[in-house]
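For reference, work-v2.pdb (PDB, C-alpha atoms, pLDDT in the B column):
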```pdb
MODEL        1
ATOM      1  CA  MET A  22      96.546  72.580  74.525  1.00 35.00           C
ATOM      2  CA  ALA A  23      93.027  72.932  73.204  1.00 35.00           C
ATOM      3  CA  LEU A  24      91.603  76.406  73.050  1.00 30.00           C
ATOM      4  CA  LEU A  25      88.703  77.166  75.312  1.00 31.00           C
ATOM      5  CA  PRO A  26      85.365  77.143  73.490  1.00 30.00           C
ATOM      6  CA  SER A  27      84.789  80.819  74.198  1.00 29.00           C
ATOM      7  CA  PHE A  28      87.846  81.668  72.081  1.00 26.00           C
ATOM      8  CA  ILE A  29      86.976  79.514  69.078  1.00 28.00           C
ATOM      9  CA  ARG A  30      83.319  80.351  68.601  1.00 33.00           C
ATOM     10  CA  SER A  31      82.403  82.323  65.550  1.00 35.00           C
ATOM     11  CA  PRO A  32      82.153  85.992  66.434  1.00 36.00           C
ATOM     12  CA  ARG A  33      78.663  87.363  66.651  1.00 37.00           C
ATOM     13  CA  MET A  34      77.667  90.501  64.904  1.00 37.00           C
ATOM     14  CA  ALA A  35      77.209  93.286  67.405  1.00 37.00           C
ATOM     15  CA  LYS A  36      73.632  94.354  67.593  1.00 38.00           C
ATOM     16  CA  ARG A  37      73.394  98.012  66.813  1.00 38.00           C
ATOM     17  CA  PRO A  38      71.016 100.052  68.898  1.00 40.00           C
ATOM     18  CA  ALA A  39      68.171 101.553  66.980  1.00 40.00           C
ATOM     19  CA  ARG A  40      68.769 105.176  66.113  1.00 41.00           C
ATOM     20  CA  PRO A  41      66.250 107.623  67.493  1.00 41.00           C
ATOM     21  CA  ALA A  42      63.635 108.758  65.041  1.00 39.00           C
ATOM     22  CA  GLY A  43      64.468 112.377  65.611  1.00 43.00           C
ATOM     23  CA  ARG A  44      66.529 114.772  67.658  1.00 43.00           C
ATOM     24  CA  PRO A  45      65.526 115.477  71.262  1.00 41.00           C
ATOM     25  CA  PRO A  46      63.198 118.425  71.700  1.00 39.00           C
ATOM     26  CA  ALA A  47      64.922 121.787  71.921  1.00 43.00           C
ATOM     27  CA  GLY A  48      66.052 122.570  75.441  1.00 42.00           C
ATOM     28  CA  ASP A  49      66.398 118.945  76.559  1.00 41.00           C
ATOM     29  CA  GLU A  50      69.910 118.025  77.675  1.00 42.00           C
ATOM     30  CA  ALA A  51      71.470 114.848  79.026  1.00 41.00           C
ATOM     31  CA  VAL A  52      73.862 114.847  81.961  1.00 42.00           C
ATOM     32  CA  LEU A  53      76.124 111.817  81.680  1.00 45.00           C
ATOM     33  CA  ASP A  54      78.247 110.144  84.313  1.00 48.00           C
ATOM     34  CA  ALA A  55      76.952 112.069  87.311  1.00 46.00           C
ATOM     35  CA  PRO A  56      79.067 110.566  90.112  1.00 60.00           C
ATOM     36  CA  ASP A  57      76.625 110.732  93.012  1.00 90.00           C
ATOM     37  CA  ASP A  58      73.193 111.867  94.057  1.00 93.00           C
ATOM     38  CA  ARG A  59      74.504 115.156  95.432  1.00 96.00           C
ATOM     39  CA  LEU A  60      76.244 116.396  92.307  1.00 97.00           C
ATOM     40  CA  SER A  61      73.663 115.107  89.854  1.00 96.00           C
ATOM     41  CA  PRO A  62      70.938 117.635  90.813  1.00 96.00           C
ATOM     42  CA  ALA A  63      73.486 120.451  90.581  1.00 97.00           C
ATOM     43  CA  LEU A  64      74.458 119.408  87.053  1.00 96.00           C
ATOM     44  CA  VAL A  65      70.838 119.020  85.997  1.00 96.00           C
ATOM     45  CA  ALA A  66      70.056 122.488  87.334  1.00 97.00           C
ATOM     46  CA  ALA A  67      73.178 123.877  85.660  1.00 97.00           C
ATOM     47  CA  ALA A  68      72.021 122.442  82.339  1.00 97.00           C
ATOM     48  CA  ARG A  69      68.903 124.586  82.797  1.00 97.00           C
ATOM     49  CA  GLY A  70      71.085 127.623  83.443  1.00 97.00           C
ATOM     50  CA  GLU A  71      70.612 127.662  87.229  1.00 98.00           C
ATOM     51  CA  TRP A  72      73.672 128.064  89.435  1.00 98.00           C
ATOM     52  CA  THR A  73      72.127 128.199  92.911  1.00 98.00           C
ATOM     53  CA  THR A  74      72.074 124.409  93.356  1.00 98.00           C
ATOM     54  CA  ALA A  75      75.791 124.184  92.585  1.00 98.00           C
ATOM     55  CA  ALA A  76      76.486 127.064  94.954  1.00 98.00           C
ATOM     56  CA  GLY A  77      74.482 125.364  97.688  1.00 98.00           C
ATOM     57  CA  LEU A  78      76.292 122.070  97.161  1.00 98.00           C
ATOM     58  CA  LEU A  79      79.732 123.642  97.491  1.00 98.00           C
ATOM     59  CA  ALA A  80      78.587 125.686 100.483  1.00 98.00           C
ATOM     60  CA  ALA A  81      77.420 122.493 102.204  1.00 98.00           C
ATOM     61  CA  THR A  82      80.765 120.778 101.648  1.00 98.00           C
ATOM     62  CA  ARG A  83      82.567 123.815 103.040  1.00 98.00           C
ATOM     63  CA  THR A  84      80.364 124.007 106.135  1.00 97.00           C
ATOM     64  CA  ALA A  85      80.857 120.297 106.846  1.00 98.00           C
ATOM     65  CA  ALA A  86      84.569 120.378 105.937  1.00 97.00           C
ATOM     66  CA  GLU A  87      83.962 117.644 103.349  1.00 98.00           C
ATOM     67  CA  TRP A  88      87.102 118.416 101.425  1.00 97.00           C
ATOM     68  CA  GLU A  89      87.324 115.305  99.243  1.00 96.00           C
ATOM     69  CA  PRO A  90      83.793 115.670  97.815  1.00 96.00           C
ATOM     70  CA  ARG A  91      84.326 119.422  97.521  1.00 98.00           C
ATOM     71  CA  ASP A  92      87.393 118.801  95.379  1.00 98.00           C
ATOM     72  CA  ARG A  93      85.541 116.370  93.095  1.00 96.00           C
ATOM     73  CA  TYR A  94      82.545 118.646  92.743  1.00 98.00           C
ATOM     74  CA  ALA A  95      84.676 121.692  91.954  1.00 98.00           C
ATOM     75  CA  ARG A  96      86.418 119.766  89.172  1.00 97.00           C
ATOM     76  CA  ARG A  97      83.156 118.575  87.651  1.00 97.00           C
ATOM     77  CA  LEU A  98      81.503 121.983  87.866  1.00 98.00           C
ATOM     78  CA  ALA A  99      84.547 123.607  86.275  1.00 98.00           C
ATOM     79  CA  ALA A 100      84.378 121.047  83.460  1.00 97.00           C
ATOM     80  CA  PHE A 101      80.722 121.946  82.958  1.00 98.00           C
ATOM     81  CA  ALA A 102      81.603 125.651  82.958  1.00 98.00           C
ATOM     82  CA  ARG A 103      84.091 125.099  80.131  1.00 97.00           C
ATOM     83  CA  SER A 104      81.259 123.998  77.881  1.00 96.00           C
ATOM     84  CA  ARG A 105      78.709 126.456  79.276  1.00 97.00           C
ATOM     85  CA  PRO A 106      80.687 129.593  80.175  1.00 97.00           C
ATOM     86  CA  GLU A 107      77.569 131.754  80.330  1.00 98.00           C
ATOM     87  CA  TRP A 108      76.341 129.659  83.272  1.00 98.00           C
ATOM     88  CA  TYR A 109      79.500 130.343  85.243  1.00 98.00           C
ATOM     89  CA  GLU A 110      79.603 134.023  84.237  1.00 98.00           C
ATOM     90  CA  GLU A 111      76.075 134.576  85.549  1.00 98.00           C
ATOM     91  CA  TRP A 112      77.004 132.906  88.835  1.00 98.00           C
ATOM     92  CA  ARG A 113      80.122 135.046  89.177  1.00 98.00           C
ATOM     93  CA  ALA A 114      78.288 138.258  88.268  1.00 98.00           C
ATOM     94  CA  THR A 115      75.541 137.591  90.805  1.00 98.00           C
ATOM     95  CA  ALA A 116      77.698 136.305  93.692  1.00 98.00           C
ATOM     96  CA  PRO A 117      81.295 137.406  93.049  1.00 98.00           C
ATOM     97  CA  ALA A 118      82.440 136.786  96.637  1.00 97.00           C
ATOM     98  CA  ASP A 119      80.943 133.289  96.922  1.00 98.00           C
ATOM     99  CA  PRO A 120      83.765 130.903  97.921  1.00 98.00           C
ATOM    100  CA  GLY A 121      82.221 128.294  95.625  1.00 98.00           C
ATOM    101  CA  VAL A 122      82.314 130.454  92.520  1.00 98.00           C
ATOM    102  CA  LEU A 123      85.863 131.539  93.358  1.00 98.00           C
ATOM    103  CA  LEU A 124      86.924 127.904  93.676  1.00 98.00           C
ATOM    104  CA  VAL A 125      85.281 126.854  90.417  1.00 98.00           C
ATOM    105  CA  GLY A 126      86.759 129.917  88.721  1.00 98.00           C
ATOM    106  CA  ALA A 127      90.286 129.010  89.811  1.00 98.00           C
ATOM    107  CA  GLN A 128      89.897 125.427  88.578  1.00 98.00           C
ATOM    108  CA  LEU A 129      88.328 126.637  85.343  1.00 98.00           C
ATOM    109  CA  ALA A 130      91.202 129.037  84.655  1.00 98.00           C
ATOM    110  CA  VAL A 131      93.792 126.282  85.143  1.00 98.00           C
ATOM    111  CA  ASP A 132      91.812 123.889  82.952  1.00 97.00           C
ATOM    112  CA  ARG A 133      91.555 126.450  80.159  1.00 97.00           C
ATOM    113  CA  ALA A 134      95.264 127.239  80.211  1.00 97.00           C
ATOM    114  CA  TRP A 135      96.507 123.650  80.446  1.00 96.00           C
ATOM    115  CA  PRO A 136      96.165 122.503  76.792  1.00 96.00           C
ATOM    116  CA  SER A 137      97.902 125.603  75.411  1.00 96.00           C
ATOM    117  CA  PRO A 138     101.502 125.516  74.129  1.00 95.00           C
ATOM    118  CA  ALA A 139     101.894 128.707  76.186  1.00 96.00           C
ATOM    119  CA  ARG A 140     100.682 126.911  79.315  1.00 96.00           C
ATOM    120  CA  ALA A 141     103.347 128.202  81.698  1.00 94.00           C
ATOM    121  CA  GLU A 142     102.802 131.831  80.718  1.00 95.00           C
ATOM    122  CA  LEU A 143      99.013 131.561  80.828  1.00 96.00           C
ATOM    123  CA  LEU A 144      99.062 129.839  84.205  1.00 96.00           C
ATOM    124  CA  ARG A 145     101.125 132.626  85.722  1.00 93.00           C
ATOM    125  CA  GLU A 146      98.344 135.028  84.761  1.00 95.00           C
ATOM    126  CA  VAL A 147      95.711 133.075  86.705  1.00 96.00           C
ATOM    127  CA  SER A 148      97.588 133.067  90.020  1.00 96.00           C
ATOM    128  CA  PRO A 149      95.361 135.839  91.470  1.00 97.00           C
ATOM    129  CA  LEU A 150      92.282 133.656  90.962  1.00 98.00           C
ATOM    130  CA  ILE A 151      93.826 130.841  92.999  1.00 98.00           C
ATOM    131  CA  THR A 152      94.846 133.309  95.698  1.00 97.00           C
ATOM    132  CA  ALA A 153      91.289 134.657  95.861  1.00 98.00           C
ATOM    133  CA  ALA A 154      89.883 131.137  96.227  1.00 98.00           C
ATOM    134  CA  ALA A 155      92.352 130.345  99.012  1.00 98.00           C
ATOM    135  CA  ARG A 156      91.530 133.537 100.898  1.00 98.00           C
ATOM    136  CA  ALA A 157      87.788 132.863 100.699  1.00 97.00           C
ATOM    137  CA  ASP A 158      88.120 130.138 103.364  1.00 97.00           C
ATOM    138  CA  ASP A 159      91.439 129.599 105.057  1.00 96.00           C
ATOM    139  CA  ARG A 160      90.436 126.068 106.116  1.00 97.00           C
ATOM    140  CA  ASP A 161      89.861 124.822 102.578  1.00 98.00           C
ATOM    141  CA  PRO A 162      92.697 122.695 101.125  1.00 98.00           C
ATOM    142  CA  VAL A 163      91.181 122.511  97.633  1.00 98.00           C
ATOM    143  CA  PRO A 164      92.609 125.847  96.396  1.00 98.00           C
ATOM    144  CA  TRP A 165      95.987 124.544  97.507  1.00 98.00           C
ATOM    145  CA  ARG A 166      95.498 121.407  95.411  1.00 98.00           C
ATOM    146  CA  ILE A 167      94.797 123.711  92.479  1.00 98.00           C
ATOM    147  CA  ALA A 168      97.919 125.690  93.400  1.00 98.00           C
ATOM    148  CA  LEU A 169      99.999 122.497  93.348  1.00 97.00           C
ATOM    149  CA  ASP A 170      98.709 121.656  89.875  1.00 97.00           C
ATOM    150  CA  HIS A 171      99.398 125.252  88.878  1.00 97.00           C
ATOM    151  CA  ALA A 172     102.982 124.979  90.168  1.00 95.00           C
ATOM    152  CA  ARG A 173     103.543 121.877  88.071  1.00 94.00           C
ATOM    153  CA  GLY A 174     102.212 123.424  84.889  1.00 95.00           C
ATOM    154  CA  SER A 175     103.953 126.771  85.371  1.00 94.00           C
ATOM    155  CA  ARG A 176     107.318 125.079  85.989  1.00 92.00           C
ATOM    156  CA  ALA A 177     107.644 126.454  89.513  1.00 93.00           C
ATOM    157  CA  GLY A 178     110.735 125.440  91.464  1.00 93.00           C
ATOM    158  CA  HIS A 179     110.957 122.962  94.318  1.00 92.00           C
ATOM    159  CA  ARG A 180     111.162 125.594  97.044  1.00 94.00           C
ATOM    160  CA  TYR A 181     107.867 127.147  95.971  1.00 95.00           C
ATOM    161  CA  PHE A 182     106.317 123.694  95.633  1.00 94.00           C
ATOM    162  CA  GLU A 183     107.392 122.826  99.188  1.00 95.00           C
ATOM    163  CA  GLU A 184     105.791 126.017 100.517  1.00 97.00           C
ATOM    164  CA  LEU A 185     102.524 125.137  98.801  1.00 97.00           C
ATOM    165  CA  TRP A 186     102.700 121.574 100.070  1.00 95.00           C
ATOM    166  CA  GLU A 187     103.224 122.689 103.666  1.00 96.00           C
ATOM    167  CA  ALA A 188     100.260 125.056 103.398  1.00 97.00           C
ATOM    168  CA  ALA A 189      98.080 122.280 101.966  1.00 97.00           C
ATOM    169  CA  VAL A 190      98.844 119.686 104.644  1.00 95.00           C
ATOM    170  CA  ARG A 191      98.364 122.234 107.435  1.00 96.00           C
ATOM    171  CA  ARG A 192      94.761 122.468 106.312  1.00 97.00           C
ATOM    172  CA  ALA A 193      94.124 118.781 105.621  1.00 95.00           C
ATOM    173  CA  PRO A 194      97.012 116.400 106.382  1.00 95.00           C
ATOM    174  CA  HIS A 195      95.517 113.499 104.428  1.00 94.00           C
ATOM    175  CA  HIS A 196      93.673 115.214 101.593  1.00 96.00           C
ATOM    176  CA  TYR A 197      93.939 112.812  98.680  1.00 95.00           C
ATOM    177  CA  GLY A 198      93.693 115.435  95.952  1.00 95.00           C
ATOM    178  CA  CYS A 199      96.631 117.393  97.357  1.00 96.00           C
ATOM    179  CA  HIS A 200      98.685 114.216  97.647  1.00 94.00           C
ATOM    180  CA  VAL A 201      97.976 113.249  94.043  1.00 94.00           C
ATOM    181  CA  ALA A 202      98.872 116.759  92.868  1.00 95.00           C
ATOM    182  CA  ALA A 203     102.165 116.562  94.771  1.00 94.00           C
ATOM    183  CA  LEU A 204     102.874 113.092  93.401  1.00 92.00           C
ATOM    184  CA  ARG A 205     102.406 114.386  89.873  1.00 91.00           C
ATOM    185  CA  TYR A 206     104.732 117.324  90.484  1.00 91.00           C
ATOM    186  CA  LEU A 207     107.419 114.906  91.699  1.00 90.00           C
ATOM    187  CA  ALA A 208     107.065 112.642  88.661  1.00 84.00           C
ATOM    188  CA  ALA A 209     110.107 112.020  86.503  1.00 74.00           C
ATOM    189  CA  SER A 210     108.240 113.447  83.519  1.00 74.00           C
ATOM    190  CA  TRP A 211     107.736 116.737  85.369  1.00 81.00           C
ATOM    191  CA  HIS A 212     109.958 118.083  88.144  1.00 75.00           C
ATOM    192  CA  GLY A 213     111.239 115.087  90.080  1.00 67.00           C
ATOM    193  CA  SER A 214     112.275 111.479  89.673  1.00 79.00           C
ATOM    194  CA  HIS A 215     110.839 108.007  90.049  1.00 79.00           C
ATOM    195  CA  ARG A 216     112.656 107.665  93.374  1.00 83.00           C
ATOM    196  CA  GLU A 217     111.167 110.897  94.733  1.00 84.00           C
ATOM    197  CA  CYS A 218     107.768 109.773  93.538  1.00 82.00           C
ATOM    198  CA  PHE A 219     107.939 106.399  95.300  1.00 87.00           C
ATOM    199  CA  ASP A 220     109.482 107.800  98.491  1.00 88.00           C
ATOM    200  CA  PHE A 221     106.771 110.437  98.745  1.00 89.00           C
ATOM    201  CA  ALA A 222     103.994 107.896  98.180  1.00 89.00           C
ATOM    202  CA  ASP A 223     105.410 105.447 100.741  1.00 88.00           C
ATOM    203  CA  ARG A 224     105.842 108.087 103.452  1.00 89.00           C
ATOM    204  CA  ALA A 225     102.375 109.493 102.862  1.00 90.00           C
ATOM    205  CA  ALA A 226     100.750 106.056 103.092  1.00 90.00           C
ATOM    206  CA  GLN A 227     102.632 105.216 106.295  1.00 89.00           C
ATOM    207  CA  ASP A 228     101.424 108.425 107.937  1.00 87.00           C
ATOM    208  CA  ALA A 229      97.810 108.128 106.779  1.00 90.00           C
ATOM    209  CA  PRO A 230      94.964 106.461 108.698  1.00 89.00           C
ATOM    210  CA  ALA A 231      94.027 102.954 107.616  1.00 91.00           C
ATOM    211  CA  ASP A 232      90.801 104.128 105.963  1.00 86.00           C
ATOM    212  CA  SER A 233      92.375 107.059 104.099  1.00 90.00           C
ATOM    213  CA  LEU A 234      92.478 107.213 100.314  1.00 90.00           C
ATOM    214  CA  VAL A 235      96.144 108.156 100.691  1.00 91.00           C
ATOM    215  CA  GLN A 236      96.811 104.480 101.449  1.00 92.00           C
ATOM    216  CA  ALA A 237      96.411 103.891  97.711  1.00 88.00           C
ATOM    217  CA  LEU A 238      99.176 106.332  96.787  1.00 90.00           C
ATOM    218  CA  PRO A 239     102.005 103.733  96.443  1.00 89.00           C
ATOM    219  CA  ALA A 240      99.850 101.691  94.080  1.00 87.00           C
ATOM    220  CA  ARG A 241      99.135 104.812  92.077  1.00 86.00           C
ATOM    221  CA  ALA A 242     102.844 105.637  91.931  1.00 85.00           C
ATOM    222  CA  ALA A 243     103.654 102.104  90.767  1.00 85.00           C
ATOM    223  CA  PHE A 244     100.993 102.196  88.072  1.00 78.00           C
ATOM    224  CA  ARG A 245     102.181 105.562  86.820  1.00 71.00           C
ATOM    225  CA  TYR A 246     105.765 104.343  86.848  1.00 73.00           C
ATOM    226  CA  LEU A 247     104.727 101.582  84.461  1.00 73.00           C
ATOM    227  CA  THR A 248     103.048 104.163  82.243  1.00 72.00           C
ATOM    228  CA  ASP A 249     106.023 106.552  82.624  1.00 58.00           C
ATOM    229  CA  GLY A 250     105.956 109.439  84.977  1.00 43.00           C
ATOM    230  CA  CYS A 251     103.602 109.007  87.935  1.00 42.00           C
ATOM    231  CA  GLY A 252     100.812 110.685  86.049  1.00 37.00           C
ATOM    232  CA  PRO A 253     101.432 113.640  83.748  1.00 37.00           C
ATOM    233  CA  ALA A 254      97.763 114.460  83.269  1.00 43.00           C
ATOM    234  CA  VAL A 255      95.859 116.860  85.461  1.00 38.00           C
TER     235      VAL A 255
ENDMDL
END
```
Taking this structure as input, can you express it in the form of structure tokens?
Amino acid sequence: MALLPSFIRSPRMAKRPARPAGRPPAGDEAVLDAPDDRLSPALVAAARGEWTTAAGLLAATRTAAEWEPRDRYARRLAAFARSRPEWYEEWRATAPADPGVLLVGAQLAVDRAWPSPARAELLREVSPLITAAARADDRDPVPWRIALDHARGSRAGHRYFEELWEAAVRRAPHHYGCHVAALRYLAASWHGSHRECFDFADRAAQDAPADSLVQALPARAAFRYLTDGCGPAV
């Protein structure tokens, strides 16, 4: 069978973009991959050292019970805080009881501990930060998603995991982040098996509304099965 022309043409040399003549002026910073028009201003302000926009964003998600966006924003702000710890420290020093700063702090502590060979020991030390974030707003399921990730990394047993899971779904029965965290805990490469992983995903999808992100959980489990373990990464 003849090859299609697109596969037999001579390869073209990739055109290299021109390099900038000089470095950007001091103080200018680029924020890449901002996911939406709500988080982008918070990241731009954070790059200038301002934390109030991020605090306002998380406060708005809490007031409106927008738990999925709140989860995404907390992750992204914690990632920013890893590279700019002074920004987070100023926020925490100025507003130590802010539920937003407590949430970002809990995520940040887990993120910092995760790459370490002493992960389990380090994660046990950050438990009080997750507890503080959970107590800041009893409605919020996001600290419980962080707690589920924490349980996985700290090698917590199934009974403790089940207690966390029950607490999470009481607050938001179809919160996608909590479901993904539970799926990862149940992975064969962590604390469960492929069968547990698939059974959990199927039951969750059957119970979820038609427009819920949880409907995608079986596909996620299948993909992770093919890549071994239903998703070992945080």
Output as a tab-separated table one row per residue of region 165-220 of chain A within 10 Å of region 118-140 of chain A: the closest atom pair and its distance in Å to one decimal place, counting all atoms listed in the file, sorted by chain and residue number ascending.
```
residue	atom	partner	partner_atom	distance
A:Arg166	CA	A:Gln128	CA	9.7
A:Ile167	CA	A:Gln128	CA	6.5
A:Ala168	CA	A:Ala127	CA	9.1
A:Asp170	CA	A:Val131	CA	8.2
A:His171	CA	A:Val131	CA	6.8
A:Gly174	CA	A:Arg140	CA	6.8
A:Ser175	CA	A:Arg140	CA	6.9
A:Arg176	CA	A:Arg140	CA	9.6
```
Env of Gly198 (chain A): 9 Å cut, atoms = all atoms listed in the file, seq-sep filter 4 positions within chain, self excluded. Answer as a PDB file with C-alpha atoms, keeping the file's coordinate frame.
```pdb
ATOM      1  CA  GLU A  89      87.324 115.305  99.243  1.00 96.00           C
ATOM      2  CA  ASP A  92      87.393 118.801  95.379  1.00 98.00           C
ATOM      3  CA  ARG A  93      85.541 116.370  93.095  1.00 96.00           C
ATOM      4  CA  PRO A 162      92.697 122.695 101.125  1.00 98.00           C
ATOM      5  CA  VAL A 163      91.181 122.511  97.633  1.00 98.00           C
ATOM      6  CA  ARG A 166      95.498 121.407  95.411  1.00 98.00           C
ATOM      7  CA  ALA A 202      98.872 116.759  92.868  1.00 95.00           C
ATOM      8  CA  ALA A 203     102.165 116.562  94.771  1.00 94.00           C
TER       9      ALA A 203
END
```
Spatial neighbours of Asp161 (chain A), max dist 7 Å, only C-alpha atoms, sep filter under 3 positions, as a VMD selection string | chain A and resid 158 164 192
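Counting from CA of Leu234 (chain A), the distance to CA of Ala157 (chain A) is 26.1 Å.
Take CA of Arg69 (chain A) and CA of Trp112 (chain A): the distance between them is 13.1 Å.
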